Each structure stands twice: as C-alpha cells, then as structure tokens.
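Trainee: My structure is stored as entry31.txt, with compact mmCIF, C-alpha atoms.
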```txt
# COMPACT_ATOMS: atom_id res chain seq x y z
CA LYS A 18 20.10 -65.69 33.54
CA GLY A 19 17.01 -65.71 35.78
CA ALA A 20 18.52 -63.17 38.19
CA ALA A 21 16.24 -60.57 39.75
CA ILE A 22 17.23 -56.92 39.44
CA ARG A 23 17.18 -55.31 42.88
CA PRO A 24 17.51 -51.52 42.49
CA GLY A 25 20.14 -49.86 44.66
CA TYR A 26 17.66 -47.49 46.34
CA ALA A 27 15.87 -50.51 47.87
CA LEU A 28 19.00 -52.10 49.38
CA ARG A 29 21.14 -51.71 52.45
CA PHE A 30 24.37 -53.56 53.06
CA GLU A 31 25.44 -55.35 56.22
CA GLU A 32 28.75 -56.98 57.04
CA ASP A 33 28.64 -60.75 56.82
CA GLY A 34 32.09 -61.88 57.86
CA GLU A 35 34.47 -60.36 55.33
CA GLU A 36 31.72 -59.66 52.82
CA LEU A 37 28.86 -57.18 52.51
CA LYS A 38 25.41 -58.72 52.25
CA ALA A 39 22.61 -56.86 50.46
CA MET A 40 19.37 -56.64 52.43
CA ASP A 41 16.05 -55.51 50.97
CA ILE A 42 14.52 -52.34 52.37
CA GLU A 43 10.75 -51.96 52.45
CA THR A 44 9.94 -48.96 50.27
CA LYS A 45 6.67 -47.29 49.35
CA VAL A 46 7.24 -46.14 45.81
CA ASP A 47 5.17 -46.36 42.65
CA PRO A 48 5.92 -49.51 40.60
CA THR A 49 6.88 -47.31 37.66
CA TYR A 50 9.71 -45.84 39.75
CA ARG A 51 11.10 -49.32 40.36
CA ARG A 52 10.79 -50.24 36.69
CA PHE A 53 12.65 -47.04 35.80
CA HIS A 54 15.61 -48.07 37.99
CA GLU A 55 15.51 -51.61 36.63
CA ASP A 56 15.67 -50.18 33.10
CA LEU A 57 18.69 -48.10 34.10
CA VAL A 58 20.50 -51.31 35.03
CA LEU A 59 19.57 -52.90 31.70
CA ASP A 60 20.66 -49.78 29.82
CA ASP A 61 24.08 -50.15 31.42
CA LEU A 62 24.25 -53.94 31.03
CA ILE A 63 23.55 -54.08 27.29
CA PRO A 64 26.54 -52.03 26.02
CA SER A 65 28.74 -53.59 28.71
CA VAL A 66 27.99 -57.21 27.87
CA VAL A 67 26.16 -57.62 24.57
CA ARG A 68 27.84 -57.34 21.20
CA ILE A 69 26.79 -58.02 17.62
CA ARG A 70 28.88 -60.78 16.09
CA ASP A 71 30.80 -60.25 12.88
CA MET A 72 29.31 -61.75 9.73
CA HIS A 73 32.21 -64.20 9.52
CA GLU A 74 31.94 -65.51 13.10
CA SER A 75 30.27 -68.88 13.57
CA LEU A 76 27.46 -69.05 16.13
CA ASP A 77 27.92 -72.83 16.46
CA GLU A 78 31.62 -72.35 17.16
CA MET A 79 30.82 -69.78 19.83
CA ALA A 80 28.28 -72.08 21.48
CA ASN A 81 31.11 -74.51 22.22
CA ALA A 82 33.63 -71.85 23.25
CA GLY A 83 34.55 -71.15 26.85
CA PRO A 84 36.03 -68.08 28.53
CA GLY A 85 39.24 -67.00 26.89
CA ALA A 86 38.50 -68.74 23.61
CA ALA A 87 39.93 -67.13 20.50
CA VAL A 88 36.51 -66.38 18.99
CA GLY A 89 35.45 -64.21 21.93
CA LEU A 90 35.71 -63.56 25.64
CA ALA A 91 33.20 -64.12 28.41
CA ALA A 92 31.94 -61.01 30.17
CA GLU A 93 31.02 -60.34 33.78
CA TYR A 94 28.48 -57.84 35.09
CA LYS A 95 27.86 -56.91 38.71
CA LEU A 96 24.27 -56.13 39.72
CA PRO A 97 23.48 -53.42 42.32
CA ASP A 98 23.10 -56.09 45.02
CA GLY A 99 26.63 -57.37 44.37
CA ASN A 100 25.67 -60.53 42.48
CA GLU A 101 27.86 -61.15 39.46
CA LEU A 102 26.55 -62.53 36.18
CA VAL A 103 28.90 -64.29 33.77
CA PHE A 104 28.03 -64.35 30.08
CA SER A 105 29.70 -66.81 27.72
CA PRO A 106 30.89 -65.66 24.27
CA HIS A 107 27.83 -67.39 22.80
CA GLU A 108 25.39 -65.63 25.13
CA ARG A 109 26.95 -62.25 24.44
CA VAL A 110 26.20 -62.43 20.71
CA LEU A 111 22.71 -63.96 20.79
CA PRO A 112 21.11 -60.55 19.99
CA SER A 113 22.97 -60.76 16.67
CA GLU A 114 20.22 -63.09 15.50
CA ILE A 115 18.04 -60.02 14.88
CA PHE A 116 19.85 -60.03 11.52
CA LEU A 117 18.52 -63.52 10.78
CA GLY A 118 15.19 -63.81 12.58
CA ARG A 119 11.67 -63.18 11.31
CA LEU A 120 10.47 -59.60 11.91
CA GLU A 121 6.73 -59.08 11.44
CA HIS A 122 5.39 -56.14 9.42
CA ARG A 123 2.57 -53.93 10.55
CA LYS A 124 -0.34 -54.21 8.11
CA LEU A 125 0.04 -50.87 6.36
CA GLN A 126 -0.58 -51.63 2.70
CA SER A 127 -2.17 -55.05 2.58
CA SER A 128 -3.71 -57.80 4.64
CA GLU A 129 -2.22 -61.25 5.02
CA ALA A 130 -4.86 -62.49 2.58
CA ASP A 131 -3.62 -59.99 0.00
CA ALA A 132 -0.06 -61.17 0.62
CA ARG A 133 -0.94 -64.83 0.14
CA TYR A 134 -2.83 -63.97 -3.06
CA ALA A 135 0.04 -61.93 -4.51
CA LEU A 136 2.66 -64.57 -3.72
CA SER A 137 0.51 -67.41 -5.05
CA HIS A 138 0.08 -65.50 -8.33
CA GLY A 139 3.75 -65.16 -9.06
CA ALA A 140 4.89 -61.97 -7.32
CA ARG A 141 8.68 -62.00 -7.17
CA GLY A 142 11.57 -59.87 -5.89
CA ALA A 143 10.75 -56.38 -4.66
CA GLU A 144 7.10 -56.86 -5.66
CA ALA A 145 6.85 -59.95 -3.45
CA ASN A 146 8.49 -58.12 -0.54
CA ARG A 147 5.86 -55.41 -0.84
CA TYR A 148 3.17 -57.94 0.08
CA ARG A 149 5.09 -60.30 2.34
CA PRO A 150 4.01 -59.78 6.00
CA TYR A 151 7.54 -60.18 7.44
CA SER A 152 11.23 -59.56 6.77
CA THR A 153 14.16 -61.85 7.48
CA GLY A 154 16.46 -59.76 9.64
CA LEU A 155 17.01 -56.08 10.36
CA ALA A 156 18.85 -55.24 7.14
CA GLU A 157 16.12 -56.84 5.03
CA LEU A 158 13.46 -54.99 7.03
CA ILE A 159 15.12 -51.70 6.04
CA ASP A 160 15.50 -52.92 2.46
CA ASP A 161 11.81 -53.88 2.28
CA ALA A 162 10.77 -50.49 3.70
CA ILE A 163 12.84 -48.66 1.08
CA ASN A 164 11.42 -50.80 -1.73
CA ARG A 165 7.91 -49.79 -0.69
CA CYS A 166 8.80 -46.20 -1.60
CA GLU A 167 9.01 -44.68 -5.06
CA ALA A 168 11.92 -46.04 -7.08
CA THR A 169 13.33 -42.54 -7.59
CA LEU A 170 13.87 -42.25 -3.82
CA HIS A 171 15.71 -45.55 -3.29
CA ARG A 172 19.23 -44.20 -3.82
CA ASP A 173 18.79 -41.32 -1.38
CA LEU A 174 17.12 -43.51 1.23
CA TYR A 175 19.89 -46.13 1.10
CA GLN A 176 22.41 -43.37 1.71
CA CYS A 177 20.48 -41.84 4.63
CA VAL A 178 19.93 -44.74 7.07
CA CYS A 179 20.22 -43.27 10.58
CA LEU A 180 20.95 -45.49 13.57
CA THR A 181 19.55 -44.03 16.81
CA GLY A 182 18.11 -45.12 20.16
CA GLY A 183 19.54 -46.96 23.13
CA VAL A 184 20.10 -50.24 21.28
CA SER A 185 22.18 -48.39 18.67
CA ASN A 186 24.98 -48.31 21.28
CA THR A 187 25.33 -52.10 21.16
CA PRO A 188 28.95 -52.80 20.13
CA GLY A 189 29.19 -54.09 16.58
CA LEU A 190 25.67 -53.09 15.49
CA PHE A 191 26.79 -50.17 13.33
CA GLU A 192 29.45 -52.24 11.54
CA ARG A 193 27.20 -55.26 11.00
CA LEU A 194 24.26 -53.22 9.68
CA SER A 195 26.58 -51.31 7.33
CA ALA A 196 27.98 -54.57 5.97
CA GLU A 197 24.55 -56.20 5.54
CA LEU A 198 23.07 -53.19 3.73
CA GLY A 199 26.21 -52.91 1.62
CA LYS A 200 25.45 -56.35 0.17
CA LYS A 201 22.03 -55.09 -0.97
CA TYR A 202 23.21 -51.73 -2.32
CA ASN A 203 26.92 -51.01 -2.56
CA ARG A 204 26.50 -47.29 -1.87
CA ALA A 205 24.33 -47.75 1.21
CA ARG A 206 25.46 -45.64 4.13
CA VAL A 207 24.53 -45.89 7.80
CA HIS A 208 24.82 -42.71 9.87
CA GLY A 209 25.25 -42.43 13.62
CA SER A 210 26.48 -39.84 16.08
CA SER A 211 29.98 -40.23 17.47
CA THR A 212 28.84 -40.22 21.11
CA ALA A 213 26.62 -42.73 22.89
CA ALA A 214 24.38 -40.08 24.49
CA GLU A 215 23.72 -38.34 21.18
CA ARG A 216 22.89 -41.64 19.45
CA ARG A 217 20.49 -42.61 22.21
CA PHE A 218 18.49 -39.38 22.14
CA ALA A 219 18.97 -38.31 18.51
CA ALA A 220 15.36 -39.05 17.54
CA TRP A 221 14.02 -36.95 20.43
CA THR A 222 16.48 -34.15 19.70
CA GLY A 223 15.55 -34.11 16.03
CA GLY A 224 11.85 -34.17 16.85
CA SER A 225 12.14 -31.21 19.21
CA ILE A 226 14.07 -29.21 16.61
CA LEU A 227 11.49 -30.02 13.93
CA ALA A 228 8.60 -29.10 16.23
CA SER A 229 10.14 -25.68 16.86
CA PHE A 230 9.98 -24.69 13.16
CA SER A 231 7.08 -22.37 12.38
CA GLU A 232 6.48 -24.08 9.02
CA PHE A 233 6.12 -27.45 10.72
CA GLN A 234 3.59 -26.03 13.19
CA LYS A 235 1.28 -25.35 10.23
CA MET A 236 1.12 -29.12 9.73
CA TRP A 237 -0.05 -29.88 13.25
CA LEU A 238 -3.28 -31.85 13.50
CA SER A 239 -5.64 -30.89 16.32
CA LYS A 240 -7.72 -33.39 18.27
CA GLU A 241 -10.89 -31.88 16.83
CA GLU A 242 -9.62 -32.21 13.25
CA TYR A 243 -8.59 -35.82 13.87
CA GLU A 244 -11.95 -36.76 15.36
CA GLU A 245 -13.81 -35.05 12.54
CA ASN A 246 -11.74 -36.28 9.57
CA GLY A 247 -9.90 -39.38 10.78
CA ALA A 248 -6.27 -40.41 10.41
CA ALA A 249 -6.25 -39.94 6.61
CA PHE A 250 -6.55 -36.17 7.15
CA VAL A 251 -2.82 -36.05 7.96
CA HIS A 252 -2.08 -36.49 4.24
CA LYS A 253 -3.93 -33.26 3.48
CA LYS A 254 -2.14 -31.34 6.22
CA CYS A 255 1.24 -32.81 5.31
CA PRO A 256 1.22 -33.37 1.54
```
Turn this file's structure into structure tokens for me.

Mentor:
Amino acid sequence: KGAAIRPGYALRFEEDGEELKAMDIETKVDPTYRRFHEDLVLDDLIPSVVRIRDMHESLDEMANAGPGAAVGLAAEYKLPDGNELVFSPHERVLPSEIFLGRLEHRKLQSSEADARYALSHGARGAEANRYRPYSTGLAELIDDAINRCEATLHRDLYQCVCLTGGVSNTPGLFERLSAELGKKYNRARVHGSSTAAERRFAAWTGGSILASFSEFQKMWLSKEEYEENGAAFVHKKCP
C-alpha cells in the first residue's frame, strides 16, 4: 500500500477541527526498538487482513471483485496514526500464492550442476525432486523434504507435519495446507495448537523443553569442539 508505519510511542495527537491529527514526536531510541514496534503492527495486521484462499476460489475472479462481492469481502485496517488501509478481496489472498510460487532449496545434498546433470540423465519423480533446486509451492516443499528422507519414515513424517510460527495464524493456512498435502498422501495430517499464542511460540517452547532434558545436554556441541572438528562433528554427537 506504500503507507509508512508510524509507531504509537512516537506520536502525539492534536485536535484539528472535529478530528485528531497525529504529529510525530522526536525520539532518541535505537532503530531496533522502532523496528520492533513496526513488527508488532505487522503481526496484528496479518491475521486481521490476510487470508489464504480456498483451493476452489479463482484468483482472476477475485482480481475483478469489489467490496461486498460474493467471493470475498474487502478488509480495513487502522494504523497507529489513524490512517485506514483498505484491502480488496484480491489483495487479501495474494499470500496464497506461496502454494504456487517457486521456493528455492538450500544446497544441502547437491549443487545446481549436480541437479542439471541428474535431470538431463532421466531422473524422474521423487528422484528428480531430490536434485531439483526448488519446489513449486509450500506443500510440495514439504513433500520434497519428506522424500529426501528414508522411505521407511515417509508415513510417519506425513502424519506429523506441525504448523507453528507467527504466519501459522494466517486464516485459512491450516485448511489449505491440509488439503494440498492430502492430495499427495491421503493420510497426511497437519498439527497445530488450538490457540494463536501457542502456535506462534510452539517452536521456542518445544526447544526450551528439549534443552532442559539431561540426555539432550549430552549432545551439546561446544565452540571448541566445533572449531576443532567442523560442522560434521554434530553427526557424531547426535547419531
């Protein structure tokens, strides 16, 4: 929308006729403090405005739809300075394209040259996905990651997909991901906490619980061990 986010702590309001006008206050704070407050606004905006479209909804139809159209409703969001942003049905579902767009892989098992060689020599299906340097959409990214693991683990991994983090609170994401993965494996199951706060911090909560176990502490890698043996040493500490 091109609108600047002006954090509430840096504003004062003055009467301008019958309205209140937001005025900037000169503050001496670290830039990270301002970014933190800007992120708070975005964290509130996303679940309030954005939604993931249903698989059967047409993006082209939404692009031509106005407020009040049957395929979806426009949404309004008020910024801390009082400015209101209006999002059309089409704009609200644009993040849905993460299920269609190209998502690059990190180079964990092969270089791009290896990928080109494998594909040019007839690699197909799951074997091709193992070398391909990208996935088409979020569900396929998960599918590709599972197919890189041992075949005996595939069933359990499909049934243990856990949706966490702030973006997991986006309306419609859980349902859309469940449906997409269900097309790849009919017993796939996506898990998520029932409350927004638990979903957002589940990874941190789980990590803190794991770190408190005495058995896990035996797997810790010290700085000295890392510098002496390199990253591959983690496979000896955590077989």

Trainee: Select, from A:Asn246, A:Ser105, A:Asn100, A:Ser225, the residue with the minimum atom-to-atom distance to Ile22 (chain A), counting only C-alpha atoms.

Mentor: A:Asn100

Trainee: If you measure from CA of Leu194 (chain A) to CA of Arg109 (chain A), what distance in Å do you get, rounded to one decimal?

Mentor: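 So the two atoms, CA of Leu194 (chain A) and CA of Arg109 (chain A), lie 17.5 Å apart.
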
Trainee: If you measure from CA of Thr181 (chain A) to CA of Phe218 (chain A), what distance in Å do you get, rounded to one decimal?

Mentor: 7.2 Å

Trainee: How many Å lie between CA of Trp237 (chain A) and CA of Cys166 (chain A), rounded to one decimal?

Mentor: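 Interatomic distance, CA of Trp237 (chain A) to CA of Cys166 (chain A): 23.8 Å.
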
Trainee: Counting only C-alpha atoms, which residues come within 10 Å of (17.8, -62.9, 38.8), with the point read in the file's coordinates, and could you list them as JSON, numbers by chain?

Mentor: {"A": [18, 19, 20, 21, 22, 23, 96, 100, 102]}

Trainee: Name all residues at most 12 Å from Leu28 (chain A) (count only C-alpha atoms; drop same-chain ones fewer than 3 positions away) and give them as a list in words.

Mentor: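 Once the adjacent positions are removed, what remains is Ile22, Arg23, Pro24, Gly25, Glu31, Leu37, Lys38, Ala39, Met40, Asp41, Ile42, Glu43, Thr44, Leu96, Pro97, Asp98 and Gly99 of chain A.
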
Trainee: With only C-alpha atoms as the atoms that count, which of A:Glu192, A:Glu157, A:Asp56, A:Glu232 lies nearest to Ile69 (chain A)?

Mentor: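 Checking each candidate against Ile69 (chain A), we get A:Glu192 as the closest.
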
Trainee: Check the smallest atom-to-atom distance from each of A:Ala168, A:Ala220, A:Cys177, A:Val67 to Arg206 (chain A) using all atoms listed in the file, then report the winner.

Mentor: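 Nearest to Arg206 (chain A): A:Cys177.
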
Trainee: Is it possible to get the residues within 9 Å of (28.5, -55.6, 33.6) (coordinates as in the file, counting all atoms listed in the file) written as number ranges by chain?

Mentor: A: 61-66, 92-96, 101-103

Trainee: Can you write out the residues you just picked, keeping C-alpha atoms, as a short mmCIF file (atom, residue, chain, number, x, y, z; two decimals), in the frame of the given file?

Mentor:
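Okay, this is what ended up in part-v9.cif:
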```
data_model
loop_
_atom_site.label_atom_id
_atom_site.label_comp_id
_atom_site.auth_asym_id
_atom_site.auth_seq_id
_atom_site.Cartn_x
_atom_site.Cartn_y
_atom_site.Cartn_z
CA ASP A 61 24.08 -50.15 31.42
CA LEU A 62 24.25 -53.94 31.03
CA ILE A 63 23.55 -54.08 27.29
CA PRO A 64 26.54 -52.03 26.02
CA SER A 65 28.74 -53.59 28.71
CA VAL A 66 27.99 -57.21 27.87
CA ALA A 92 31.94 -61.01 30.17
CA GLU A 93 31.02 -60.34 33.78
CA TYR A 94 28.48 -57.84 35.09
CA LYS A 95 27.86 -56.91 38.71
CA LEU A 96 24.27 -56.13 39.72
CA GLU A 101 27.86 -61.15 39.46
CA LEU A 102 26.55 -62.53 36.18
CA VAL A 103 28.90 -64.29 33.77
#
```
